[in-house]
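S.K.: Before anything else, here's the structure in question.
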Amino acid sequence: MKRIVLTVVLLASLFAAKAQPGYVPSEENLEARKEFSEARFGIFIHWGIYSMLGDGEWVMNNRDISYEEYKNLAGGFYPSKFDAEQWVKAFKGAGAKYMTVTSRHHDGFSMFKTEQSGYNVVDGTPFGRDVIGELYEACEKEGIKLHLYYSQLDWGRNDYYPRGNTGHESGRPDSGDWNEYKDFMYAQLTELLTRYPNIGAIWYDGMWDKQPEDRQEWKSMWDLDRQYELIHSLSPSCLVASNHHSAPFEGEDFQIFERDVPGENKSGFSAGQKITSLPLETCDILGASWGYDICKDGDYKPLSEIVGLIARSAGKGANLLLNIGPRPDGSIPEKGLELLEKIGVWMDRYGETIYATQGGCIPEQSWGVTTQKADVLYVHVLNHEDTIFLPLTGNKLVSAGLFDGSGPVKASQYKEGIVLTLPKPAEDTPDMIVELRFKNNL
Ligand code: FHN
């Protein structure tokens with residue numbers, strides 16, 4: 001079997017090697033980008049054997065755990081409460097149009113059946129079930145897209161050599177064949193995309209671990225062309241994105257901002273990352289870390305902050321990918337489920353001002369942001385002010401009102417722009433949304 005998969009990989013890479021230089025996205029890909037852009041909200045899941053230690057997904061590196069010891073965690077992995085359908089229903093109920101799950105994080109453990117290594121959830125744990133496969137089936141059934149997080153960096157394999165900046169205390173010998181490692185990744189990606197043909201995206205992470213200064217050198221060290229062409233040739237509608245914290249490389253289909261609404265660079269991950277014309281996604285955490293943290297999880301962001309994140313991302317034309325870390329037993333912390341439900345109620349009521357909108361023509365202001373669709377501008381007032389000014393000229397205002405019809409809004413149009421006089425928001429209103437209709441499209 002291993003040989004068959006490797007042959008398929010080889011054939012696919014030969015095909016890729018003949019591909020035209022210069023990436024031209026296929027029609028299926030452009031269609032998938034559109035669907036992705038309209039989705040505006042997804043759920044991110046970091047879940048793996050690291051969850052058992054309840055100290056985030058970096059625990060192996062942070063606590064200098066050797067690979068020989070760490071890998072034994074797999075022998076105790078039995079998430080008795082894991083129910084893919086329940087997860088997916090909860091995410092869909094929250095208004096998410098897709099979910100992204102860690103198929104393999106930096107610890108190198110695969111949450112799917114793979115012929116490339118026994119260090120996987122089916123062959124290496126008593127659980128013996130293909131988590132990614134079950135999530136794929138559940139997503140297909142519920143009609144939401146499954147995206148796969150795939151770590152390029154690996155703290156356990158010898159052939160991840162020369163080493164990068166992390167995972168130095170894992171006890172590996174200082175030798176290994178980098179090309180073998182890359183072949184391993186191609187083989188795994190081939191398995192994933194042939195077994196689960198409707199995967200929405202491969203969400204790479206980790207190439208920042210080995211980063212020469214020169215971008216071309218960086219790109220060729222990781223064989224990005226070969227990787228991306230492999231994915232696009234196996235599954236033309238599968239989007240490729242990489243969380244390398246820098247401008248997108250050719251072959252990537254959307255641009256990721258980690259813990260930053262595009263353009264903010266508050267997290268320090270997006271310095272110099274200009275916003276491009278690709279679809280955008282910002283990812284952030286609901287709790288204290290990406291993977292389950294037994295001490296800090298439960299300290300989730302309040303609904304108002306999440307709504308603010310959704311609106312501010314949409315205001316920048318970006319999706320929000322909101323992370324939650326399930327427990328080692330496969331359950332999602334109750335407080336997290338409650339929050340997801342509340343987000344769902346909000347999205348049900350106000351989703352029209354978020355889904356399939358564009359970033360608003362008015363940049364973020366002290367009071368909030370705008371989104372738009374054809375001739376309608378949605379004004380998201382996240383910080384109440386009695387009157388707000390919109391520097392919008394040259395388009396006649398036809399009507400103004402609160403989106404949910406709960407009160408009047410006085411709107412006066414002047415040569416220089418529009419002044420809105422807002423009613424007092426009811427307590428616990430995270431986002432007062434004003435709907436403005438214009439004579440012409442914005
Ligand atoms: O190192 C990872 C981290 O564990 C997590 O997966 C996040 C998600 O965006 N990305 C990396 C850091 O950039």
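Labeling convention for the structure tokens: chains A, B, ... as they appear, residues from 1 per chain, ligands from 1 in order of appearance.
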Using only C-alpha atoms and all ligand atoms, which residues of the polymer chains come no farther than 8 Å from ligand 1? I'd like the answer as a VMD selection string.
M.R.: chain A and resid 46 56 to 58 102 105 to 106 205 to 206 208 243 to 245 258 to 259 269 283 to 284 290 to 291
S.K.: What's the 8 Å shell around Val261 in chain A, counting only C-alpha atoms, without same-chain residues fewer than 4 positions away, as a PDB file with N, CA and C atoms, in the first residue's frame?
M.R.:
ATOM      1  N   PHE A 257      -4.291  35.824   8.594  1.00  0.00           N
ATOM      2  CA  PHE A 257      -3.745  36.724   9.619  1.00  0.00           C
ATOM      3  C   PHE A 257      -3.986  36.065  10.972  1.00  0.00           C
ATOM      4  N   ASN A 265      -2.071  44.196  12.996  1.00  0.00           N
ATOM      5  CA  ASN A 265      -0.790  43.765  13.538  1.00  0.00           C
ATOM      6  C   ASN A 265      -0.625  44.035  15.028  1.00  0.00           C
ATOM      7  N   THR A 282      -8.950  35.731   9.240  1.00  0.00           N
ATOM      8  CA  THR A 282      -8.233  36.006  10.475  1.00  0.00           C
ATOM      9  C   THR A 282      -8.609  34.889  11.458  1.00  0.00           C
ATOM     10  N   LEU A 309     -15.344  40.839  16.946  1.00  0.00           N
ATOM     11  CA  LEU A 309     -14.337  40.228  16.065  1.00  0.00           C
ATOM     12  C   LEU A 309     -14.935  39.827  14.713  1.00  0.00           C
ATOM     13  N   ARG A 312     -15.702  43.129  12.887  1.00  0.00           N
ATOM     14  CA  ARG A 312     -14.487  43.845  12.461  1.00  0.00           C
ATOM     15  C   ARG A 312     -13.755  43.087  11.360  1.00  0.00           C
ATOM     16  N   SER A 313     -13.793  41.748  11.421  1.00  0.00           N
ATOM     17  CA  SER A 313     -13.178  40.969  10.349  1.00  0.00           C
ATOM     18  C   SER A 313     -13.955  41.190   9.054  1.00  0.00           C
ATOM     19  N   LYS A 316     -13.334  44.242   7.295  1.00  0.00           N
ATOM     20  CA  LYS A 316     -12.081  44.263   6.523  1.00  0.00           C
ATOM     21  C   LYS A 316     -12.159  43.284   5.355  1.00  0.00           C
ATOM     22  N   ALA A 318     -12.820  40.082   5.676  1.00  0.00           N
ATOM     23  CA  ALA A 318     -12.181  38.820   6.072  1.00  0.00           C
ATOM     24  C   ALA A 318     -13.157  37.893   6.800  1.00  0.00           C
TER      25      ALA A 318
END
S.K.: Please indicate the distance in Å from CA of Thr114 in chain A to CA of Gly42 in chain A, rounded to one decimal place.
M.R.: 26.2 Å
S.K.: Which residue, A:Asn120, A:Asn323, A:Ser406, A:Thr429, has the smallest gap to Ala96 in chain A when you use only C-alpha atoms?
M.R.: A:Asn323
S.K.: May I ask for the distance between CA of Gly407 in chain A and CA of Pro423 in chain A, given in Å to one decimal place?
M.R.: 7.2 Å
S.K.: Quick one: residues within 10 Å of Gln188 in chain A, only C-alpha atoms, excluding same-chain residues fewer than 2 positions away - as a list in words?
M.R.: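 Everything that qualifies: Val5, Leu6, Val9, Ser110, Phe112, Lys113, Thr114, Glu115, Gln116, Ser117, Tyr150, Lys182, Asp183, Phe184, Met185, Tyr186, Thr190, Glu191, Leu192, Leu193 and Thr194 of chain A.
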